[in-house]
Amino acid sequence: MVDISYCSYLRVSTDKQGITGLGMDAQREAVCRYVQNRGQIIAEFIEVESGKRHTNRPQLLAALAECRKRRAVLLIARLDRLARNVAFIANLMDSDVEFVAVDMPQANRLTIHILAAVAEHEREMISQRTKAALAAAKARGKKLGNPNYQEALARARAALGYRPPPSQVLDLMTDWRQKGDTLRNIAERLNGVNNRTPQGAKWYPSSVRAALLRNRPEAYTSLLPASINEGIPPEKASCAGERHFSGGMDMPSEIKEAQRMLDLFASVGARAFVVTKLDIEKRLKWGKTYTAAELHKLLPPMLRTADERKPHHLPSGKTVMAGENLIVRPVSDGIAFVQLDDLTTAQLDRLQPAAFMIVATSPGNYQAWIAAEGVNKSESKEFIRRVRKAVGEADKSASGAVRMSGTFNYKEKYAPEFPMVTTVQGVPGRLMTPERLRGMGLLAEPEPLKTSPAPARVSRDYDRPWPSYQITLSRTRPKRDGSGPDRSLADFNWGMTSITGGKSIEDTIAKLLEVSENAQQRAARGDEGYARITVENAAAAVARNWGRNRA
């Protein structure tokens, strides 16, 4: 007899008791009848899911893996429960796993293709009929949305196994928050008494925030830490909790956070946004440019799909469940956006009066954004360099793109408690000028550049070999978090060595994209200008050094 792996896919409905699978017993009975005298069931995989979805199917992936491991047959009670998608069914048929639909065990490849096409068409018709019915109801003045949203949300969390913190811990959080403690202070106080999250992990500001929003939203009044909030007029400080859906329920806090960030960018002149998605290994998955209005409409599905967590097998050998990083880059005509990353508390205090937005991308990691008018486009790169120089130890490799507020920061070092990106200060419409920044001590004086970018003693020998990138990387100082060498600094140092050796700027840019994995990844994410900016800055540094040596 042949080993058979049984996999059943069910329609779902929601009632007052929660999620209920329809037809499950009948499907199991049909499978058992088919298996009789043919083999034995070695494993059973049940996934409560609509046939519409053919992505993010962990039980299906587990069933396929078991079939490959045991050389078994994948058995499905009904073909349309597997997926109503022709391409998905065709790919499965071409895989190395044999499968049988019990409702039509004798079906051949042609029959299965036809049935899958019919199921896909029916899926589209269902979608169109549903959308038309909802539009008609809305036109009649019916208020859409679940009126018992919080109750339904609680049932869904219970079904997914969500465990809230004990009431005593929530009482402490509420008390401390109402007394003015920041999220970071609350997390440190809980960790100080060895209290852990329900999942057994340390507390972080993001996990404190999530616990309060889910269980004690009335206690969560503002995201602004006291040290950052000082001196900002109340009417200028943008806080989460202002926007609402046009339907019948409050907008989820994550959507509010994302819209708040977009509103802040738009208030200082951003006319469009380049949005990209990267997986936990920083591989580009998708990218597109939107106007502000288009992006506002697409935020709910965009954030929902970005947070769909799937298993990732990392090069380190670890497997983690992670979603996708949602990256946004503002585009503007006539406004220079200055992004300052990896800031200390002292730097934040200096930047607060000039920044229109301060973002926390992870515990203890803040970045500030300044919008400046009156800067020529041809001079914007030099202007940004002068601001960074005046601020001090800001990350000089900041690319002008930021993770969207309200989304999680998916990096391997944070797994499994990924922090949420939050906007901790927002001042709509705050625009700076070079003169104002210079008066605040946030704009360094320009340095005179010599006409030649290379030392006179160096002959421009283009046949000279390129410097070793690996040697440069091995001699570069490590990052602050100790996770490895600072690759952006290595790119800069390698560029200086190449320019000093007589290589042209254009040749150095092309070669950097060949030898630097960091430059390649940034180009794949849509940051085509990174290599050019790095090499041009390296050439300018060589010229400045030459000028000082000759003086």
# chains A, B, ... in the order shown; residues from 1 in each chain; ligands from 1

call {"tool": "residues_around", "arguments": {"residues": "Pro434 in chain A", "least_positions_apart": "3", "cutoff": "12 Å", "atoms": "only C-alpha atoms", "output": "PDB file with N, CA and C atoms, in the first residue's frame"}}
result
ATOM      1  N   ILE A 335      12.370  71.115  -2.446  1.00  0.00           N
ATOM      2  CA  ILE A 335      12.599  70.889  -1.020  1.00  0.00           C
ATOM      3  C   ILE A 335      13.721  69.869  -0.862  1.00  0.00           C
ATOM      4  N   ALA A 336      14.690  70.191  -0.027  1.00  0.00           N
ATOM      5  CA  ALA A 336      15.785  69.267   0.276  1.00  0.00           C
ATOM      6  C   ALA A 336      15.459  68.543   1.580  1.00  0.00           C
ATOM      7  N   VAL A 338      16.645  66.217   4.533  1.00  0.00           N
ATOM      8  CA  VAL A 338      17.870  65.786   5.204  1.00  0.00           C
ATOM      9  C   VAL A 338      17.487  64.725   6.237  1.00  0.00           C
ATOM     10  N   ALA A 354      14.547  72.115  14.803  1.00  0.00           N
ATOM     11  CA  ALA A 354      14.617  72.231  13.340  1.00  0.00           C
ATOM     12  C   ALA A 354      13.902  71.095  12.627  1.00  0.00           C
ATOM     13  N   ILE A 370      14.788  66.840   8.446  1.00  0.00           N
ATOM     14  CA  ILE A 370      14.706  68.292   8.261  1.00  0.00           C
ATOM     15  C   ILE A 370      14.315  68.559   6.812  1.00  0.00           C
ATOM     16  N   ALA A 371      13.381  69.484   6.604  1.00  0.00           N
ATOM     17  CA  ALA A 371      12.993  69.914   5.255  1.00  0.00           C
ATOM     18  C   ALA A 371      13.460  71.348   5.065  1.00  0.00           C
ATOM     19  N   ALA A 372      14.229  71.581   4.011  1.00  0.00           N
ATOM     20  CA  ALA A 372      14.792  72.913   3.782  1.00  0.00           C
ATOM     21  C   ALA A 372      14.369  73.429   2.414  1.00  0.00           C
ATOM     22  N   GLU A 373      13.940  74.684   2.368  1.00  0.00           N
ATOM     23  CA  GLU A 373      13.612  75.343   1.102  1.00  0.00           C
ATOM     24  C   GLU A 373      14.731  76.314   0.752  1.00  0.00           C
ATOM     25  N   GLY A 374      14.754  76.717  -0.513  1.00  0.00           N
ATOM     26  CA  GLY A 374      15.787  77.649  -0.949  1.00  0.00           C
ATOM     27  C   GLY A 374      17.123  76.992  -1.221  1.00  0.00           C
ATOM     28  N   VAL A 375      17.115  75.691  -1.516  1.00  0.00           N
ATOM     29  CA  VAL A 375      18.352  74.961  -1.833  1.00  0.00           C
ATOM     30  C   VAL A 375      18.263  74.496  -3.279  1.00  0.00           C
ATOM     31  N   ASN A 376      19.212  74.912  -4.115  1.00  0.00           N
ATOM     32  CA  ASN A 376      19.226  74.468  -5.503  1.00  0.00           C
ATOM     33  C   ASN A 376      19.446  72.965  -5.579  1.00  0.00           C
ATOM     34  N   GLU A 379      22.869  71.721  -5.676  1.00  0.00           N
ATOM     35  CA  GLU A 379      23.655  71.905  -4.450  1.00  0.00           C
ATOM     36  C   GLU A 379      23.121  71.083  -3.282  1.00  0.00           C
ATOM     37  N   SER A 380      22.058  70.281  -3.510  1.00  0.00           N
ATOM     38  CA  SER A 380      21.405  69.593  -2.394  1.00  0.00           C
ATOM     39  C   SER A 380      22.320  68.567  -1.729  1.00  0.00           C
ATOM     40  N   GLU A 382      25.615  68.576  -1.449  1.00  0.00           N
ATOM     41  CA  GLU A 382      26.595  69.282  -0.614  1.00  0.00           C
ATOM     42  C   GLU A 382      25.919  69.889   0.604  1.00  0.00           C
ATOM     43  N   PHE A 383      24.677  70.379   0.443  1.00  0.00           N
ATOM     44  CA  PHE A 383      23.932  70.937   1.562  1.00  0.00           C
ATOM     45  C   PHE A 383      23.684  69.868   2.631  1.00  0.00           C
ATOM     46  N   ILE A 384      23.251  68.686   2.200  1.00  0.00           N
ATOM     47  CA  ILE A 384      22.987  67.583   3.150  1.00  0.00           C
ATOM     48  C   ILE A 384      24.276  67.197   3.868  1.00  0.00           C
ATOM     49  N   ARG A 386      26.788  69.107   4.561  1.00  0.00           N
ATOM     50  CA  ARG A 386      27.142  70.151   5.530  1.00  0.00           C
ATOM     51  C   ARG A 386      26.287  70.055   6.796  1.00  0.00           C
ATOM     52  N   VAL A 387      24.992  69.703   6.644  1.00  0.00           N
ATOM     53  CA  VAL A 387      24.144  69.525   7.824  1.00  0.00           C
ATOM     54  C   VAL A 387      24.646  68.343   8.649  1.00  0.00           C
ATOM     55  N   LEU A 431       9.401  74.222   7.907  1.00  0.00           N
ATOM     56  CA  LEU A 431      10.401  74.334   6.854  1.00  0.00           C
ATOM     57  C   LEU A 431      11.560  75.189   7.349  1.00  0.00           C
ATOM     58  N   LEU A 437      19.226  77.452   9.547  1.00  0.00           N
ATOM     59  CA  LEU A 437      20.025  76.330  10.044  1.00  0.00           C
ATOM     60  C   LEU A 437      21.418  76.787  10.451  1.00  0.00           C
ATOM     61  N   ARG A 438      21.989  77.722   9.676  1.00  0.00           N
ATOM     62  CA  ARG A 438      23.313  78.239  10.038  1.00  0.00           C
ATOM     63  C   ARG A 438      23.240  78.979  11.364  1.00  0.00           C
ATOM     64  N   GLY A 439      22.166  79.745  11.580  1.00  0.00           N
ATOM     65  CA  GLY A 439      22.010  80.461  12.846  1.00  0.00           C
ATOM     66  C   GLY A 439      21.799  79.537  14.028  1.00  0.00           C
ATOM     67  N   MET A 440      21.272  78.335  13.787  1.00  0.00           N
ATOM     68  CA  MET A 440      21.057  77.350  14.854  1.00  0.00           C
ATOM     69  C   MET A 440      22.274  76.456  15.046  1.00  0.00           C
ATOM     70  N   GLY A 441      23.317  76.681  14.266  1.00  0.00           N
ATOM     71  CA  GLY A 441      24.522  75.862  14.380  1.00  0.00           C
ATOM     72  C   GLY A 441      24.379  74.497  13.750  1.00  0.00           C
ATOM     73  N   LEU A 442      23.451  74.357  12.785  1.00  0.00           N
ATOM     74  CA  LEU A 442      23.192  73.060  12.163  1.00  0.00           C
ATOM     75  C   LEU A 442      23.609  73.023  10.695  1.00  0.00           C
ATOM     76  N   LEU A 443      24.432  73.973  10.267  1.00  0.00           N
ATOM     77  CA  LEU A 443      24.935  73.978   8.896  1.00  0.00           C
ATOM     78  C   LEU A 443      26.392  74.392   8.906  1.00  0.00           C
ATOM     79  N   ALA A 444      27.259  73.452   8.573  1.00  0.00           N
ATOM     80  CA  ALA A 444      28.690  73.737   8.549  1.00  0.00           C
ATOM     81  C   ALA A 444      29.026  74.644   7.366  1.00  0.00           C
ATOM     82  N   GLU A 445      30.086  75.383   7.507  1.00  0.00           N
ATOM     83  CA  GLU A 445      30.528  76.259   6.423  1.00  0.00           C
ATOM     84  C   GLU A 445      31.069  75.419   5.267  1.00  0.00           C
ATOM     85  N   PRO A 446      30.841  75.850   4.026  1.00  0.00           N
ATOM     86  CA  PRO A 446      31.375  75.086   2.886  1.00  0.00           C
ATOM     87  C   PRO A 446      32.885  75.115   2.865  1.00  0.00           C
TER      88      PRO A 446
END

call {"tool": "atom_distance", "arguments": {"atom1": "CA of Asp175 in chain A", "atom2": "CA of Ile358 in chain A"}}
result
26.3 Å

call {"tool": "select_by_dssp", "arguments": {"residues": "range 110-345 of chain A", "states": "strand (DSSP E)", "output": "MDAnalysis selection string"}}
result
chainID A and resid 272:278 284:291 310:313 319:322 325:331 335:340

call {"tool": "closest_residue", "arguments": {"among": "A:Ile126, A:Val427, A:Leu170, A:Ala63", "to": "Ala355 in chain A", "atoms": "only C-alpha atoms"}}
result
A:Val427

call {"tool": "closest_residue", "arguments": {"among": "A:Arg385, A:Leu134, A:Trp494, A:His312", "to": "Glu447 in chain A", "atoms": "only C-alpha atoms"}}
result
A:Arg385
